[in-house]
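Have a look at protein_10.txt; it's compact mmCIF, C-alpha atoms:
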```txt
# COMPACT_ATOMS: atom_id res chain seq x y z
CA SER A 1 0.57 2.72 0.61
CA GLY A 2 -1.81 -0.24 0.46
CA LYS A 3 -5.07 1.63 -0.16
CA SER A 4 -6.04 -0.59 -3.09
CA THR A 5 -5.45 -3.64 -0.89
CA ILE A 6 -7.92 -2.20 1.61
CA PHE A 7 -10.31 -1.67 -1.29
CA LYS A 8 -9.94 -5.38 -2.16
CA GLN A 9 -10.70 -6.22 1.47
CA PHE A 10 -13.99 -4.30 1.24
CA GLU A 11 -14.93 -6.52 -1.72
CA ILE A 12 -14.12 -9.63 0.34
CA LEU A 13 -15.95 -8.41 3.45
CA TYR A 14 -18.96 -6.62 1.98
CA GLY A 15 -19.11 -7.52 -1.71
CA ALA A 16 -19.23 -10.69 -3.74
CA GLY A 17 -15.61 -11.55 -3.07
CA PHE A 18 -13.39 -12.87 -5.85
CA SER A 19 -14.46 -15.80 -8.00
CA ALA A 20 -12.03 -18.44 -9.29
CA GLU A 21 -12.22 -16.73 -12.69
CA GLN A 22 -11.30 -13.35 -11.21
CA ARG A 23 -8.44 -14.90 -9.25
CA LEU A 24 -7.20 -16.54 -12.42
CA GLN A 25 -7.21 -13.14 -14.14
CA HIS A 26 -4.91 -11.86 -11.39
CA ARG A 27 -2.32 -14.51 -12.25
CA ARG A 28 -0.96 -12.18 -14.91
CA PHE A 29 -0.52 -9.32 -12.39
CA ILE A 30 1.28 -11.58 -9.91
CA ARG A 31 3.64 -12.93 -12.55
CA HIS A 32 4.20 -9.39 -13.81
CA ASN A 33 5.18 -8.37 -10.24
CA VAL A 34 7.68 -11.24 -10.17
CA ILE A 35 9.25 -10.40 -13.54
CA GLN A 36 9.63 -6.72 -12.65
CA THR A 37 11.22 -7.68 -9.34
CA VAL A 38 13.72 -10.05 -10.98
CA LEU A 39 14.79 -7.31 -13.40
CA LEU A 40 15.07 -4.79 -10.55
CA LEU A 41 17.18 -7.27 -8.58
CA GLU A 42 19.52 -7.54 -11.57
CA ARG A 43 19.83 -3.76 -11.82
CA ALA A 44 20.29 -3.33 -8.08
CA ALA A 45 22.95 -6.07 -7.96
CA GLY A 46 24.80 -4.19 -10.69
CA GLU A 47 24.60 -0.90 -8.82
CA MET A 48 25.89 -2.59 -5.66
CA GLY A 49 28.76 -4.24 -7.52
CA LEU A 50 27.42 -7.73 -6.76
CA LEU A 51 26.21 -8.85 -10.17
CA GLN A 52 29.48 -10.55 -11.06
CA ASP A 53 29.11 -12.72 -7.94
CA VAL A 54 25.73 -14.12 -9.04
CA GLN A 55 26.23 -17.59 -10.54
CA ASN A 56 22.66 -18.38 -11.61
CA THR A 57 21.82 -15.54 -13.99
CA ALA A 58 19.54 -17.34 -16.46
CA ALA A 59 16.44 -15.78 -14.88
CA PHE A 60 17.64 -12.28 -15.80
CA GLY A 61 17.80 -13.06 -19.51
CA MET A 62 14.59 -15.06 -19.52
CA CYS A 63 12.64 -12.29 -17.78
CA GLY A 64 14.28 -9.58 -19.88
CA SER A 65 13.11 -11.24 -23.11
CA MET A 66 9.46 -11.47 -22.07
CA ASP A 67 6.79 -9.18 -23.49
CA LEU A 68 5.24 -7.63 -20.38
CA SER A 69 2.36 -6.19 -22.42
CA ALA A 70 1.19 -9.65 -23.49
CA ALA A 71 -2.01 -10.62 -21.70
CA SER A 72 -0.96 -14.23 -21.24
CA LEU A 73 2.69 -13.62 -20.34
CA GLU A 74 3.68 -16.61 -22.45
CA GLY A 75 7.02 -17.93 -21.36
CA PHE A 76 6.29 -17.84 -17.64
CA SER A 77 6.91 -21.54 -17.33
CA PRO A 78 8.06 -24.06 -14.72
CA GLU A 79 11.50 -23.74 -16.33
CA LEU A 80 11.50 -20.03 -15.61
CA GLY A 81 10.40 -20.85 -12.07
CA GLU A 82 13.46 -23.08 -11.65
CA ALA A 83 15.74 -20.31 -12.93
CA ILE A 84 14.20 -17.72 -10.61
CA ALA A 85 14.44 -20.09 -7.63
CA ALA A 86 18.16 -20.63 -8.31
CA MET A 87 18.77 -16.89 -8.57
CA TRP A 88 16.71 -16.09 -5.46
CA ALA A 89 18.74 -18.57 -3.38
CA GLU A 90 22.05 -16.81 -4.09
CA GLU A 91 23.73 -14.87 -1.28
CA PRO A 92 24.50 -11.76 -3.42
CA ILE A 93 20.77 -11.51 -4.24
CA LYS A 94 19.88 -11.90 -0.58
CA GLU A 95 22.27 -9.03 0.19
CA VAL A 96 20.50 -6.90 -2.43
CA TRP A 97 17.16 -7.77 -0.83
CA ARG A 98 18.46 -6.73 2.59
CA ASN A 99 19.09 -3.31 1.00
CA ARG A 100 15.73 -3.23 -0.80
CA SER A 101 14.74 0.18 0.55
CA ARG A 102 17.37 1.72 -1.72
CA PHE A 103 15.56 0.39 -4.77
CA GLN A 104 11.94 0.25 -5.96
CA LEU A 105 11.43 -3.36 -4.85
CA LEU A 106 7.95 -4.51 -3.82
CA GLU A 107 8.21 -5.83 -0.28
CA THR A 108 5.51 -8.48 -0.59
CA VAL A 109 6.93 -10.05 -3.76
CA SER A 110 9.39 -11.97 -1.57
CA ILE A 111 6.47 -14.26 -0.70
CA PHE A 112 5.92 -14.97 -4.40
CA LEU A 113 9.65 -15.60 -4.88
CA ASP A 114 9.70 -17.96 -1.90
CA ASN A 115 6.87 -19.89 -3.58
CA ILE A 116 7.97 -19.46 -7.17
CA HIS A 117 7.41 -23.11 -8.13
CA THR A 118 3.73 -22.69 -7.26
CA ILE A 119 3.49 -19.34 -9.10
CA ALA A 120 5.13 -20.82 -12.21
CA ALA A 121 3.01 -23.98 -12.32
CA VAL A 122 0.89 -24.40 -15.46
CA ASP A 123 -2.30 -24.84 -13.41
CA TYR A 124 -1.58 -22.03 -10.91
CA THR A 125 -4.68 -20.18 -9.71
CA PRO A 126 -3.96 -17.40 -7.20
CA SER A 127 -5.42 -17.70 -3.72
CA VAL A 128 -7.23 -14.77 -2.14
CA ASP A 129 -4.08 -14.12 -0.08
CA ASP A 130 -2.03 -14.01 -3.31
CA LEU A 131 -4.49 -11.52 -4.75
CA LEU A 132 -4.15 -9.29 -1.68
CA LEU A 133 -0.35 -9.36 -1.97
CA SER A 134 -0.28 -8.48 -5.66
CA ARG A 135 0.34 -4.93 -6.81
CA VAL A 136 -1.77 -3.34 -9.56
CA ARG A 137 -1.37 0.38 -10.02
CA THR A 138 -4.64 2.32 -9.70
CA THR A 139 -5.27 4.75 -12.55
CA GLY A 140 -8.29 7.02 -12.72
CA LEU A 141 -11.18 6.29 -10.38
CA VAL A 142 -12.77 2.96 -9.39
CA GLU A 143 -16.24 3.04 -7.80
CA LYS A 144 -18.01 0.30 -5.82
CA ARG A 145 -21.29 0.24 -3.86
CA TYR A 146 -21.87 -1.87 -0.76
CA VAL A 147 -24.92 -2.23 1.48
CA ILE A 148 -23.69 -2.66 5.04
CA ASN A 149 -26.33 -3.03 7.77
CA SER A 150 -28.98 -1.36 5.58
CA THR A 151 -26.73 1.62 4.78
CA THR A 152 -25.37 2.12 1.27
CA PHE A 153 -21.72 3.06 1.05
CA VAL A 154 -20.18 4.27 -2.20
CA MET A 155 -16.44 3.58 -2.17
CA LEU A 156 -14.10 5.47 -4.48
CA ASP A 157 -10.53 4.26 -5.03
CA VAL A 158 -8.26 6.79 -6.72
CA GLY A 159 -4.71 6.74 -8.05
CA GLY A 160 -2.19 7.93 -5.47
CA GLN A 161 0.71 8.74 -7.78
CA ARG A 162 1.44 12.42 -8.31
CA ASN A 163 0.22 12.46 -11.90
CA GLU A 164 -3.09 10.91 -10.77
CA ARG A 165 -3.88 13.30 -7.92
CA ARG A 166 -5.01 16.25 -10.01
CA LYS A 167 -7.66 14.03 -11.61
CA TRP A 168 -9.62 13.15 -8.48
CA LEU A 169 -9.97 16.24 -6.28
CA SER A 170 -13.18 17.44 -7.95
CA PHE A 171 -14.85 14.07 -7.22
CA PHE A 172 -14.58 14.55 -3.48
CA GLU A 173 -16.46 17.79 -2.90
CA THR A 174 -19.60 16.00 -1.65
CA VAL A 175 -18.19 12.91 0.06
CA ASP A 176 -18.94 12.15 3.69
CA ALA A 177 -15.55 10.69 4.60
CA VAL A 178 -12.03 10.35 3.26
CA ILE A 179 -9.86 7.38 4.13
CA PHE A 180 -6.24 8.47 3.83
CA VAL A 181 -3.81 5.55 3.76
CA ALA A 182 -0.14 6.13 4.61
CA ALA A 183 2.45 3.36 4.76
CA LEU A 184 4.37 3.37 8.04
CA SER A 185 7.06 1.14 6.56
CA GLU A 186 8.03 3.54 3.76
CA TYR A 187 9.86 6.06 5.95
CA ASP A 188 13.21 5.20 4.35
CA GLN A 189 12.01 4.89 0.73
CA VAL A 190 11.63 7.33 -2.16
CA LEU A 191 8.87 7.80 -4.73
CA ASN A 192 8.87 5.80 -7.95
CA GLU A 193 8.18 8.96 -9.94
CA ASP A 194 10.65 11.19 -8.07
CA GLU A 195 13.62 9.51 -6.41
CA SER A 196 14.58 12.75 -4.68
CA THR A 197 11.43 12.71 -2.52
CA ASN A 198 11.01 10.58 0.58
CA ARG A 199 7.71 8.66 0.54
CA MET A 200 6.77 9.51 4.12
CA LEU A 201 7.43 13.22 3.59
CA ASP A 202 5.31 13.10 0.45
CA ALA A 203 2.49 11.38 2.37
CA LEU A 204 2.64 14.01 5.11
CA ALA A 205 2.54 16.84 2.55
CA LEU A 206 -0.42 15.28 0.74
CA PHE A 207 -2.28 14.67 4.00
CA ASP A 208 -1.71 18.31 4.98
CA TYR A 209 -3.18 19.36 1.63
CA VAL A 210 -6.19 17.04 1.85
CA CYS A 211 -6.89 17.62 5.53
CA ASN A 212 -6.95 21.40 5.19
CA ASN A 213 -8.53 21.67 1.75
CA LYS A 214 -11.79 23.65 1.56
CA PHE A 215 -13.43 20.75 -0.31
CA PHE A 216 -13.14 18.64 2.85
CA ALA A 217 -14.10 21.21 5.48
CA ARG A 218 -17.20 19.18 6.45
CA THR A 219 -15.77 15.76 5.66
CA SER A 220 -14.83 13.10 8.21
CA MET A 221 -11.12 12.37 7.94
CA LEU A 222 -9.99 8.79 8.61
CA LEU A 223 -6.25 8.19 8.77
CA PHE A 224 -4.99 4.63 8.29
CA LEU A 225 -1.33 4.19 9.26
CA ASN A 226 -0.87 1.08 7.18
CA LYS A 227 1.70 -1.70 6.66
CA ASP A 228 2.03 -2.08 10.39
CA ASP A 229 3.45 -5.58 9.97
CA LEU A 230 6.22 -4.41 7.64
CA PHE A 231 7.01 -1.45 9.89
CA ARG A 232 7.29 -3.73 12.91
CA SER A 233 9.88 -5.81 11.04
CA LYS A 234 11.79 -2.94 9.43
CA ILE A 235 12.20 -0.78 12.55
CA LYS A 236 14.35 -3.54 14.04
CA ARG A 237 16.82 -3.07 11.17
CA VAL A 238 16.47 0.60 10.18
CA SER A 239 16.20 3.13 13.01
CA LEU A 240 14.36 6.38 12.47
CA GLN A 241 17.44 8.34 13.52
CA SER A 242 19.37 6.83 10.61
CA VAL A 243 16.99 8.36 8.05
CA GLN A 244 17.92 11.89 7.01
CA HIS A 245 14.48 13.44 7.43
CA PHE A 246 13.63 12.09 10.87
CA GLU A 247 16.64 13.00 13.01
CA ASP A 248 14.26 14.82 15.38
CA TYR A 249 12.99 11.46 16.65
CA ARG A 250 13.94 11.21 20.33
CA GLY A 251 12.41 7.89 21.32
CA PRO A 252 14.17 4.59 22.00
CA GLU A 253 16.12 3.26 19.03
CA ASN A 254 14.35 0.55 17.01
CA SER A 255 11.17 0.90 19.11
CA TYR A 256 8.01 -0.09 17.27
CA ARG A 257 5.60 1.65 19.67
CA SER A 258 7.60 4.87 19.83
CA GLY A 259 7.98 4.89 16.05
CA VAL A 260 4.25 4.54 15.47
CA GLU A 261 3.55 7.30 17.98
CA TYR A 262 6.14 9.56 16.34
CA PHE A 263 4.45 9.33 12.94
CA ARG A 264 0.95 9.52 14.45
CA ARG A 265 1.86 12.86 16.00
CA LYS A 266 3.34 14.11 12.73
CA PHE A 267 0.17 13.34 10.80
CA LEU A 268 -2.16 14.77 13.44
CA ALA A 269 -0.07 17.95 13.54
CA CYS A 270 -1.11 18.57 9.92
CA ASN A 271 -4.64 19.38 11.11
CA ARG A 272 -4.70 23.20 11.30
CA THR A 273 -8.15 23.34 12.92
CA PRO A 274 -8.05 20.68 15.67
CA GLU A 275 -10.67 22.56 17.67
CA GLU A 276 -13.15 22.18 14.77
CA ARG A 277 -12.49 18.65 13.56
CA ASP A 278 -11.01 15.37 14.72
CA ILE A 279 -8.78 13.05 12.75
CA PHE A 280 -9.90 9.49 13.40
CA HIS A 281 -6.79 7.34 13.13
CA HIS A 282 -6.06 3.62 13.12
CA VAL A 283 -2.98 1.44 12.71
CA THR A 284 -3.71 -1.15 10.01
CA THR A 285 -2.38 -4.15 8.15
CA ALA A 286 -4.21 -4.09 4.83
CA THR A 287 -3.39 -7.71 3.99
CA SER A 288 -5.21 -8.91 7.13
CA THR A 289 -8.93 -9.30 6.51
CA GLU A 290 -9.61 -9.57 10.24
CA ASN A 291 -7.77 -6.33 10.97
CA VAL A 292 -9.49 -4.38 8.18
CA SER A 293 -12.90 -5.70 9.27
CA PHE A 294 -12.33 -4.58 12.87
CA VAL A 295 -11.05 -1.15 11.83
CA PHE A 296 -13.80 -0.48 9.30
CA GLU A 297 -16.57 -1.43 11.72
CA SER A 298 -15.22 1.27 14.03
CA CYS A 299 -14.95 3.72 11.13
CA ARG A 300 -18.47 2.95 9.91
CA GLU A 301 -19.97 4.00 13.23
CA THR A 302 -17.80 7.12 13.23
CA ILE A 303 -18.96 8.10 9.74
CA LEU A 304 -22.64 7.62 10.58
CA GLU A 305 -22.38 9.53 13.86
CA GLU A 306 -20.55 12.41 12.19
CA ASN A 307 -23.12 12.55 9.40
CA LEU A 308 -25.97 12.69 11.89
CA LYS A 309 -24.28 15.53 13.75
CA ARG A 310 -23.84 17.53 10.55
CA ALA A 311 -27.18 16.76 8.92
CA GLY A 312 -29.49 16.59 11.88
CA PHE A 313 -31.67 13.90 10.32
CA GLY A 314 -31.74 10.20 9.39
CA ARG A 315 -29.20 8.05 7.66
CA GLY A 316 -29.17 7.94 3.89
CA VAL A 317 -26.39 7.22 1.44
CA ASP A 318 -22.88 7.66 2.74
CA VAL A 319 -20.09 8.20 0.23
CA LEU A 320 -16.59 7.17 1.24
```
Give the structure from this file in structure tokens form.
Amino acid sequence: SGKSTIFKQFEILYGAGFSAEQRLQHRRFIRHNVIQTVLLLERAAGEMGLLQDVQNTAAFGMCGSMDLSAASLEGFSPELGEAIAAMWAEEPIKEVWRNRSRFQLLETVSIFLDNIHTIAAVDYTPSVDDLLLSRVRTTGLVEKRYVINSTTFVMLDVGGQRNERRKWLSFFETVDAVIFVAALSEYDQVLNEDESTNRMLDALALFDYVCNNKFFARTSMLLFLNKDDLFRSKIKRVSLQSVQHFEDYRGPENSYRSGVEYFRRKFLACNRTPEERDIFHHVTTATSTENVSFVFESCRETILEENLKRAGFGRGVDVL
């Protein structure tokens, strides 16, 4: 959904940022993303009957022989970069990419593939933008503290996969606010862990559970409809009416604004006590530092105002 990317943005905006050493450590994650994507492209091309049309297949074998558990990912060389570039340029692979929603392909990895010679260079150090685009699965709970305008915020990032959710509910009984991040662009995709479940339907079901859970009865609820940039691009190609679960959409076909409003209403409808609590919602692009800064400044004021209403006295430590 992009929640961990937003968490990285908090570190950039309110923490120490990411040092050159930390960015270098992320090189392994970025290259891991690339290798996984190459292997998924091979599998997807096979399923689509296009694999026999791919002429430059060396990258498949080279990536398949690599030890993904190795910390250094030895073998990710400029030669591999050349092989990946040749594969990525092929029309059958581009056709697979155009159908990427059918497979578990990371949308942002296309930027790494477009710049594979840089990624594969011996002296490659990821930029902050590269770090924001990389995907590292969150397991367990990650905690960070930030002092923002004399107020201490404790941020908790938790794993969003189904097998992670049961681990974190007990941590949230005393928090002041929950930021729920849902990816607008994933309306036509399925879960990694359950390919029979649509990602947007799963997000709506989880939001319904969180929003109406007794643990959060006095908790500010902040809804981030994320990946706005990807949704804006995808809606031009994949209409809501063409997706099995959203045939009730009645707005203009391929309309970005109507699509956002459609999902906004669906999420807000999950709130069973609208007369008692508001859902503060924002449309976000987690990879944009400027956008996240603007949105969080608005949310910060909301959190503090809500806490003052509930507590009736001064500002202390706010847990998010």
Where does stretch 19-114 of chain A meet stretch 183-195 of chain A within 10 Å, residue by residue, with the nearest atom pair and distance in Å to one decimal for each, counting all atoms listed in the file, listed by chain and rising number, as a Markdown table?
```
| residue | atom | partner | partner_atom | distance |
| --- | --- | --- | --- | --- |
| A:Arg100 | CA | A:Gln189 | CA | 9.1 |
| A:Ser101 | CA | A:Gln189 | CA | 5.4 |
| A:Arg102 | CA | A:Gln189 | CA | 6.7 |
| A:Phe103 | CA | A:Gln189 | CA | 7.9 |
| A:Gln104 | CA | A:Asn192 | CA | 6.6 |
| A:Leu105 | CA | A:Gln189 | CA | 10.0 |
| A:Glu107 | CA | A:Ser185 | CA | 9.8 |
```
Please dump the current selection as a JSON list (two decimals), in the coordinates of the input; keep C-alpha atoms.
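Wrote it out as out.json, contents follow:
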```
[["chain", "number", "residue", "atom", "x", "y", "z"],
["A", 100, "ARG", "CA", 15.73, -3.23, -0.80],
["A", 101, "SER", "CA", 14.74, 0.18, 0.55],
["A", 102, "ARG", "CA", 17.37, 1.72, -1.72],
["A", 103, "PHE", "CA", 15.56, 0.39, -4.77],
["A", 104, "GLN", "CA", 11.94, 0.25, -5.96],
["A", 105, "LEU", "CA", 11.43, -3.36, -4.85],
["A", 107, "GLU", "CA", 8.21, -5.83, -0.28]]
```
- Item | Interatomic distance (Å, one decimal) between atom CA of A:Tyr14 and atom CA of A:Leu230 |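 Distance between the two atoms: 25.9 Å.
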query: What is the atom CA of A:Lys144 to atom CA of A:Ile111 distance in Å?
result: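 These atoms are spaced 28.9 Å apart.
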*Using only C-alpha atoms, determine which residues lie at most 12 Å from stretch 290-301 of chain A, disregarding the query and same-chain residues fewer than 2 positions distant; provide the list as an MDAnalysis selection string.*
chainID A and resid 2:3 5:14 147:149 151:153 176:179 220:229 279:288 303:308 315 318:320
Report task. For A:Tyr249, please output as a list in words all residues within 10 Å (counting all atoms listed in the file; exclusion window: fewer than 6 positions along the same chain). Result -> Ser239, Leu240, Gln241, Ser242, Val243, Ser258, Gly259, Tyr262 and Phe263 of chain A
Practice item. List the neighbours of stretch 84-90 of chain A out to 7 Å using all atoms listed in the file; skip same-chain residues closer than 2 positions along the sequence, and give me the result as a ChimeraX atom specification. Key: /A:54,56-57,59,80-82,92-94,116
For the point (24.6, -2.5, -5.2) in the file's frame, write as a PyMOL selection string all residues with an atom no more than 10 Å away, counting all atoms listed in the file. chain A and resi 41-51+92-93+95-96+99-100+102-103
Do a neighbour search on stretch 125-133 of chain A at 8 Å with all atoms listed in the file, toss out local chain neighbours closer than 3 positions, and write the hits as a ChimeraX atom specification. /A:5,8-9,18,20,23-24,26-27,30,108-109,119,287
Extract stretch 249-260 of chain A from the structure I just pasted (atoms: all heavy atoms) and return it as a compact mmCIF listing (two decimals), in the first residue's frame.
```
# COMPACT_ATOMS: atom_id res chain seq x y z
N TYR A 249 -19.87 0.91 -10.05
CA TYR A 249 -19.38 2.25 -10.37
C TYR A 249 -20.21 2.83 -11.51
O TYR A 249 -20.38 2.20 -12.55
CB TYR A 249 -17.90 2.20 -10.76
CG TYR A 249 -17.36 3.51 -11.29
CD1 TYR A 249 -17.11 4.58 -10.44
CD2 TYR A 249 -17.11 3.67 -12.66
CE1 TYR A 249 -16.63 5.78 -10.93
CE2 TYR A 249 -16.61 4.87 -13.15
CZ TYR A 249 -16.37 5.92 -12.28
OH TYR A 249 -15.90 7.11 -12.77
N ARG A 250 -20.71 4.04 -11.33
CA ARG A 250 -21.59 4.65 -12.33
C ARG A 250 -21.04 5.96 -12.90
O ARG A 250 -21.72 6.67 -13.63
CB ARG A 250 -22.98 4.91 -11.72
CG ARG A 250 -23.74 3.64 -11.35
CD ARG A 250 -24.14 2.86 -12.59
NE ARG A 250 -24.87 1.64 -12.25
CZ ARG A 250 -24.31 0.44 -12.11
NH1 ARG A 250 -23.00 0.31 -12.30
NH2 ARG A 250 -25.03 -0.61 -11.80
N GLY A 251 -19.81 6.27 -12.56
CA GLY A 251 -19.22 7.52 -13.04
C GLY A 251 -18.69 7.40 -14.46
O GLY A 251 -18.78 6.33 -15.09
N PRO A 252 -18.12 8.46 -14.98
CA PRO A 252 -17.55 8.45 -16.33
C PRO A 252 -16.43 7.41 -16.43
O PRO A 252 -15.65 7.23 -15.49
CB PRO A 252 -17.01 9.86 -16.51
CG PRO A 252 -17.72 10.69 -15.50
CD PRO A 252 -18.01 9.79 -14.34
N GLU A 253 -16.35 6.73 -17.54
CA GLU A 253 -15.32 5.72 -17.73
C GLU A 253 -13.94 6.38 -17.75
O GLU A 253 -13.76 7.45 -18.33
CB GLU A 253 -15.56 4.97 -19.03
CG GLU A 253 -14.66 3.74 -19.20
CD GLU A 253 -15.05 2.92 -20.42
OE1 GLU A 253 -15.94 3.36 -21.16
OE2 GLU A 253 -14.46 1.85 -20.61
N ASN A 254 -12.98 5.73 -17.09
CA ASN A 254 -11.59 6.19 -17.07
C ASN A 254 -11.41 7.58 -16.46
O ASN A 254 -10.46 8.29 -16.77
CB ASN A 254 -11.00 6.17 -18.48
CG ASN A 254 -11.14 4.82 -19.17
OD1 ASN A 254 -11.90 4.69 -20.12
ND2 ASN A 254 -10.45 3.83 -18.68
N SER A 255 -12.33 7.97 -15.55
CA SER A 255 -12.24 9.28 -14.91
C SER A 255 -11.47 9.18 -13.60
O SER A 255 -11.88 8.47 -12.67
CB SER A 255 -13.64 9.84 -14.63
OG SER A 255 -13.56 10.98 -13.78
N TYR A 256 -10.37 9.90 -13.52
CA TYR A 256 -9.57 9.91 -12.30
C TYR A 256 -10.36 10.46 -11.11
O TYR A 256 -10.45 9.83 -10.06
CB TYR A 256 -8.30 10.74 -12.52
CG TYR A 256 -7.63 11.18 -11.24
CD1 TYR A 256 -6.84 10.30 -10.51
CD2 TYR A 256 -7.80 12.49 -10.76
CE1 TYR A 256 -6.24 10.70 -9.33
CE2 TYR A 256 -7.19 12.90 -9.59
CZ TYR A 256 -6.42 12.00 -8.87
OH TYR A 256 -5.84 12.40 -7.69
N ARG A 257 -10.95 11.63 -11.26
CA ARG A 257 -11.66 12.28 -10.16
C ARG A 257 -12.83 11.43 -9.66
O ARG A 257 -13.04 11.26 -8.46
CB ARG A 257 -12.16 13.66 -10.57
CG ARG A 257 -11.04 14.68 -10.76
CD ARG A 257 -11.59 16.06 -11.05
NE ARG A 257 -10.54 17.03 -11.25
CZ ARG A 257 -9.90 17.65 -10.26
NH1 ARG A 257 -10.25 17.40 -9.02
NH2 ARG A 257 -8.94 18.52 -10.53
N SER A 258 -13.61 10.90 -10.60
CA SER A 258 -14.76 10.08 -10.21
C SER A 258 -14.30 8.79 -9.55
O SER A 258 -14.96 8.29 -8.62
CB SER A 258 -15.62 9.78 -11.43
OG SER A 258 -16.17 10.96 -11.97
N GLY A 259 -13.19 8.24 -10.01
CA GLY A 259 -12.66 7.02 -9.41
C GLY A 259 -12.21 7.23 -7.98
O GLY A 259 -12.51 6.42 -7.09
N VAL A 260 -11.50 8.32 -7.74
CA VAL A 260 -11.06 8.64 -6.38
C VAL A 260 -12.28 8.83 -5.47
O VAL A 260 -12.33 8.31 -4.35
CB VAL A 260 -10.18 9.90 -6.37
CG1 VAL A 260 -9.93 10.36 -4.93
CG2 VAL A 260 -8.85 9.63 -7.07
```
